[in-house]
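File shown here: data-v2.csv, holding CSV, C-alpha atoms.
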```
chain,number,residue,atom,x,y,z
A,275,MET,CA,-33.7,-30.8,-20.5
A,276,SER,CA,-35.2,-27.5,-21.7
A,277,ALA,CA,-36.6,-24.7,-19.5
A,278,LYS,CA,-38.7,-21.7,-20.2
A,279,VAL,CA,-36.3,-18.8,-19.5
A,280,PHE,CA,-37.2,-15.2,-18.7
A,281,ASP,CA,-34.4,-12.6,-18.4
A,282,SER,CA,-34.0,-9.0,-17.6
A,283,ASP,CA,-34.7,-7.8,-21.2
A,284,ALA,CA,-38.3,-9.2,-20.8
A,285,SER,CA,-38.0,-11.8,-23.5
A,286,LEU,CA,-39.6,-15.2,-23.0
A,287,ASP,CA,-37.5,-17.8,-24.7
A,288,GLU,CA,-37.4,-21.6,-24.6
A,289,ARG,CA,-34.0,-23.1,-24.7
A,290,LYS,CA,-32.0,-26.2,-23.7
A,291,LEU,CA,-30.0,-25.6,-20.6
A,292,SER,CA,-27.7,-27.9,-18.6
A,293,TRP,CA,-29.2,-29.0,-15.3
A,294,GLY,CA,-26.8,-28.0,-12.5
A,295,LEU,CA,-25.2,-24.7,-11.6
A,296,GLN,CA,-21.5,-24.4,-11.3
A,297,PRO,CA,-20.1,-25.7,-7.9
A,298,SER,CA,-18.2,-23.3,-5.8
A,299,GLU,CA,-15.2,-25.6,-5.6
A,300,VAL,CA,-13.3,-27.1,-8.4
A,301,GLY,CA,-14.3,-30.7,-9.0
A,302,GLY,CA,-17.4,-30.3,-6.8
A,303,ARG,CA,-20.9,-31.5,-7.7
A,304,PRO,CA,-23.2,-29.1,-9.6
A,305,PHE,CA,-26.1,-27.5,-7.7
A,306,THR,CA,-29.2,-29.1,-9.2
A,307,VAL,CA,-31.6,-27.9,-6.5
A,308,ILE,CA,-31.6,-24.8,-4.3
A,309,ARG,CA,-33.5,-24.2,-1.1
A,310,ALA,CA,-35.9,-21.3,-1.7
A,311,GLU,CA,-36.8,-20.3,1.9
A,312,GLY,CA,-35.5,-16.8,2.8
A,313,ARG,CA,-34.2,-16.0,-0.6
A,314,THR,CA,-35.2,-13.7,-3.4
A,315,PHE,CA,-34.8,-14.3,-7.1
A,316,PRO,CA,-35.4,-10.9,-8.8
A,317,SER,CA,-34.1,-12.1,-12.2
A,318,HIS,CA,-33.1,-15.2,-14.2
A,319,ARG,CA,-36.2,-17.1,-13.2
A,320,CYS,CA,-37.2,-20.1,-15.3
A,321,LEU,CA,-39.8,-22.9,-15.4
A,322,VAL,CA,-39.4,-26.6,-16.0
A,323,PRO,CA,-42.6,-28.3,-17.2
A,324,ALA,CA,-43.3,-31.8,-16.0
A,325,SER,CA,-46.1,-34.3,-15.7
A,326,GLU,CA,-44.8,-35.7,-12.4
A,327,PHE,CA,-41.9,-35.8,-10.0
A,328,ARG,CA,-40.5,-38.6,-7.9
A,329,HIS,CA,-39.0,-39.3,-4.5
A,330,ARG,CA,-37.6,-42.5,-3.0
A,331,SER,CA,-38.8,-43.4,0.4
A,332,ARG,CA,-37.8,-46.5,2.4
A,333,GLY,CA,-36.3,-48.0,-0.8
A,334,LYS,CA,-39.4,-47.6,-2.9
A,335,PRO,CA,-40.0,-45.0,-5.7
A,336,TYR,CA,-43.1,-42.8,-5.5
A,337,SER,CA,-44.5,-40.7,-8.2
A,338,PHE,CA,-46.5,-37.4,-7.6
A,339,SER,CA,-48.7,-35.9,-10.2
A,340,LEU,CA,-51.4,-33.3,-10.1
A,341,ALA,CA,-54.8,-34.7,-9.1
A,342,ASP,CA,-56.4,-32.8,-12.0
A,343,ASP,CA,-54.0,-34.4,-14.5
A,344,ASP,CA,-52.7,-30.9,-15.6
A,345,TRP,CA,-49.0,-30.2,-16.2
A,346,LEU,CA,-47.0,-28.9,-13.3
A,347,TYR,CA,-44.1,-26.4,-13.5
A,348,PHE,CA,-41.0,-26.4,-11.3
A,349,ALA,CA,-39.8,-22.9,-10.3
A,350,GLY,CA,-36.1,-22.5,-11.2
A,351,VAL,CA,-33.3,-20.1,-11.7
A,352,TRP,CA,-30.7,-20.0,-14.4
A,353,ARG,CA,-27.3,-18.5,-15.0
A,354,GLN,CA,-25.6,-17.4,-18.1
A,355,ALA,CA,-22.6,-19.4,-19.4
A,356,THR,CA,-19.1,-18.5,-18.1
A,357,ARG,CA,-15.7,-19.5,-19.5
A,358,ASP,CA,-15.8,-22.6,-17.3
A,359,TRP,CA,-19.5,-23.6,-17.2
A,360,PRO,CA,-22.3,-23.8,-19.7
A,361,GLU,CA,-25.6,-21.9,-19.4
A,362,ALA,CA,-27.5,-23.9,-16.7
A,363,TYR,CA,-30.4,-24.0,-14.3
A,364,ALA,CA,-31.4,-25.4,-10.9
A,365,ILE,CA,-34.8,-26.1,-9.5
A,366,LEU,CA,-35.9,-24.5,-6.3
A,367,THR,CA,-37.0,-26.6,-3.3
A,368,ILE,CA,-39.5,-26.0,-0.5
A,369,GLU,CA,-41.0,-27.7,2.5
A,370,ALA,CA,-43.1,-30.7,1.4
A,371,ASN,CA,-46.9,-30.3,1.2
A,372,ASP,CA,-49.2,-32.7,3.1
A,373,ASP,CA,-49.3,-35.2,0.2
A,374,VAL,CA,-45.5,-35.5,-0.1
A,375,ALA,CA,-44.6,-35.2,3.6
A,376,PRO,CA,-45.1,-38.9,4.5
A,377,PHE,CA,-42.4,-39.7,1.9
A,378,HIS,CA,-40.0,-36.8,2.1
A,379,ASP,CA,-39.6,-33.6,4.0
A,380,ARG,CA,-38.8,-31.4,1.0
A,381,GLN,CA,-40.0,-31.2,-2.6
A,382,MET,CA,-39.4,-29.2,-5.7
A,383,ALA,CA,-41.3,-25.9,-5.8
A,384,VAL,CA,-44.3,-26.7,-7.9
A,385,LEU,CA,-46.3,-24.0,-9.7
A,386,ARG,CA,-49.7,-24.4,-11.3
A,387,ARG,CA,-50.5,-23.4,-14.8
A,388,ASP,CA,-52.1,-20.1,-13.7
A,389,GLN,CA,-49.0,-19.1,-11.7
A,390,ARG,CA,-46.4,-19.4,-14.5
A,391,MET,CA,-46.3,-15.8,-15.7
A,392,ALA,CA,-46.4,-14.4,-12.1
A,393,TRP,CA,-43.2,-16.3,-11.5
A,394,LEU,CA,-41.5,-15.4,-14.7
A,395,ASP,CA,-42.4,-11.7,-14.7
A,396,GLY,CA,-41.8,-11.2,-11.0
A,397,THR,CA,-45.3,-9.7,-10.3
A,398,CYS,CA,-45.6,-11.9,-7.1
A,399,MET,CA,-43.1,-12.1,-4.2
A,400,GLU,CA,-41.4,-15.4,-3.8
A,401,GLU,CA,-43.2,-16.2,-0.5
A,402,GLU,CA,-46.5,-15.9,-2.3
A,403,LEU,CA,-45.6,-18.5,-5.0
A,404,LEU,CA,-42.9,-20.7,-3.4
A,405,ARG,CA,-45.0,-22.5,-0.8
A,406,PRO,CA,-46.5,-25.9,-0.4
A,407,LEU,CA,-49.7,-26.5,-2.4
A,408,PRO,CA,-52.9,-27.6,-0.4
A,409,ALA,CA,-53.4,-31.2,0.7
A,410,GLY,CA,-55.0,-33.2,-2.0
A,411,THR,CA,-53.2,-31.4,-4.8
A,412,PHE,CA,-51.1,-34.5,-5.7
A,413,VAL,CA,-51.9,-38.1,-6.5
A,414,VAL,CA,-49.3,-40.5,-5.1
A,415,SER,CA,-48.5,-43.7,-7.0
A,416,GLN,CA,-45.7,-46.3,-7.3
A,417,PRO,CA,-44.4,-46.1,-10.9
A,418,ARG,CA,-43.8,-49.1,-13.0
A,419,GLU,CA,-40.1,-50.0,-13.4
A,420,THR,CA,-40.1,-49.1,-17.1
A,421,TYR,CA,-42.0,-46.2,-18.7
A,422,ALA,CA,-41.7,-43.9,-21.7
A,423,GLN,CA,-40.8,-40.4,-20.9
A,424,ALA,CA,-43.7,-38.0,-21.7
A,425,VAL,CA,-43.3,-35.3,-24.2
A,426,LEU,CA,-43.0,-31.8,-22.5
A,427,ALA,CA,-45.8,-29.3,-23.3
A,428,PHE,CA,-46.0,-25.6,-22.4
```

Would you write the structure of this file as structure tokens?
Amino acid sequence: MSAKVFDSDASLDERKLSWGLQPSEVGGRPFTVIRAEGRTFPSHRCLVPASEFRHRSRGKPYSFSLADDDWLYFAGVWRQATRDWPEAYAILTIEANDDVAPFHDRQMAVLRRDQRMAWLDGTCMEEELLRPLPAGTFVVSQPRETYAQAVLAF
């Protein structure tokens, strides 16, 4: 998966990163999501573009896409490679908005197109951007079992 990456030297770069930050214990599972509440992310912010996200509820898959058919962007953080782990990222999670709440209590932190640079350049505080979007933002559907993965666009 690729992510838009912004680092401390103010360069915007698209690169392929592994999904999952290094676990704290040897043999542990990588961190693919991180709870955003009460945390700050002053550097190493990234965006992951998507056309939808999914949650399973009561054994059924549900798809959530923006009601206006625009791309959505997951707020994330990345870490540079170490001797033991590749350069990687994780997606931030927040409380579910009203559209997602009937299916799951949490969701990935979704940013709209006009919020991308505010996240990457740090001009907005985390609590201004990493919050549930208003009710009616998402269209909920049950995906078909087979589908072709959409091409990512920035």

Exercise. Would you list the contacts of Asp358 (chain A) as a ChimeraX atom specification, taking every protein, DNA or RNA residue within 12 Å and counting all atoms listed in the file, but skipping same-chain residues closer than 4 positions in sequence?
Key: /A:295-298,300-301,354,362

Quiz item: So how many Å separate CA of Pro417 (chain A) and CA of Ile308 (chain A), to one decimal?
Solution: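 Computing it gives 25.7 Å between the two atoms.
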
Quiz item: From the set A:Phe305, A:Phe315, A:Phe377, A:Phe348, which residue has the shortest atom-to-atom contact distance to Cys398 (chain A), counting only C-alpha atoms?
Solution: A:Phe315

Who sits within 9 Å of region 328-345 of chain A, all atoms listed in the file, same chain under 2 positions skipped, as a PDB file with C-alpha atoms, keeping the file's coordinate frame:
```
ATOM      1  CA  PRO A 323     -42.600 -28.300 -17.200  1.00  0.00           C
ATOM      2  CA  ALA A 324     -43.300 -31.800 -16.000  1.00  0.00           C
ATOM      3  CA  SER A 325     -46.100 -34.300 -15.700  1.00  0.00           C
ATOM      4  CA  GLU A 326     -44.800 -35.700 -12.400  1.00  0.00           C
ATOM      5  CA  TYR A 347     -44.100 -26.400 -13.500  1.00  0.00           C
ATOM      6  CA  ASP A 373     -49.300 -35.200   0.200  1.00  0.00           C
ATOM      7  CA  VAL A 374     -45.500 -35.500  -0.100  1.00  0.00           C
ATOM      8  CA  PRO A 376     -45.100 -38.900   4.500  1.00  0.00           C
ATOM      9  CA  PHE A 377     -42.400 -39.700   1.900  1.00  0.00           C
ATOM     10  CA  HIS A 378     -40.000 -36.800   2.100  1.00  0.00           C
ATOM     11  CA  GLN A 381     -40.000 -31.200  -2.600  1.00  0.00           C
ATOM     12  CA  ARG A 386     -49.700 -24.400 -11.300  1.00  0.00           C
ATOM     13  CA  ARG A 387     -50.500 -23.400 -14.800  1.00  0.00           C
ATOM     14  CA  GLY A 410     -55.000 -33.200  -2.000  1.00  0.00           C
ATOM     15  CA  THR A 411     -53.200 -31.400  -4.800  1.00  0.00           C
ATOM     16  CA  PHE A 412     -51.100 -34.500  -5.700  1.00  0.00           C
ATOM     17  CA  VAL A 413     -51.900 -38.100  -6.500  1.00  0.00           C
ATOM     18  CA  VAL A 414     -49.300 -40.500  -5.100  1.00  0.00           C
ATOM     19  CA  SER A 415     -48.500 -43.700  -7.000  1.00  0.00           C
ATOM     20  CA  GLN A 416     -45.700 -46.300  -7.300  1.00  0.00           C
ATOM     21  CA  PRO A 417     -44.400 -46.100 -10.900  1.00  0.00           C
ATOM     22  CA  LEU A 426     -43.000 -31.800 -22.500  1.00  0.00           C
ATOM     23  CA  ALA A 427     -45.800 -29.300 -23.300  1.00  0.00           C
ATOM     24  CA  PHE A 428     -46.000 -25.600 -22.400  1.00  0.00           C
TER      25      PHE A 428
END
```

Quiz item: Separation of CA of Leu291 (chain A) and CA of Tyr363 (chain A), in Å?
Solution: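 Atom-to-atom, CA of Leu291 (chain A) to CA of Tyr363 (chain A), that is 6.5 Å.
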
Quiz item: Can you list, as a ChimeraX atom specification, every protein, DNA or RNA residue that comes within 9 Å of Asp379 (chain A) when you count only C-alpha atoms, leaving out same-chain residues fewer than 6 positions away?
Solution: /A:368-371

What's around Gly312 (chain A) at 12 Å? Count all atoms listed in the file, leave out sequence neighbours fewer than 5 positions away in its own chain, and write the answer as a PDB file with C-alpha atoms, in the coordinates of the input.
```pdb
ATOM      1  CA  LEU A 366     -35.900 -24.500  -6.300  1.00  0.00           C
ATOM      2  CA  THR A 367     -37.000 -26.600  -3.300  1.00  0.00           C
ATOM      3  CA  ILE A 368     -39.500 -26.000  -0.500  1.00  0.00           C
ATOM      4  CA  MET A 399     -43.100 -12.100  -4.200  1.00  0.00           C
ATOM      5  CA  GLU A 400     -41.400 -15.400  -3.800  1.00  0.00           C
ATOM      6  CA  GLU A 401     -43.200 -16.200  -0.500  1.00  0.00           C
ATOM      7  CA  LEU A 404     -42.900 -20.700  -3.400  1.00  0.00           C
ATOM      8  CA  ARG A 405     -45.000 -22.500  -0.800  1.00  0.00           C
TER       9      ARG A 405
END
```

Quiz item: Interatomic distance between CA of Ala409 (chain A) and CA of Pro316 (chain A)?
Solution: 28.7 Å

Quiz item: Between A:Glu402, A:Glu361, A:Asp372, A:Asp388, which is the closest to Lys290 (chain A) once you count all atoms listed in the file?
Solution: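 Distance minimum relative to Lys290 (chain A) lands on A:Glu361.
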
Self-check item: Nearest-residue call for Met382 (chain A), choices A:Val322, A:Leu346, A:Ile365, A:Leu394, using all atoms listed in the file
Solution: A:Ile365
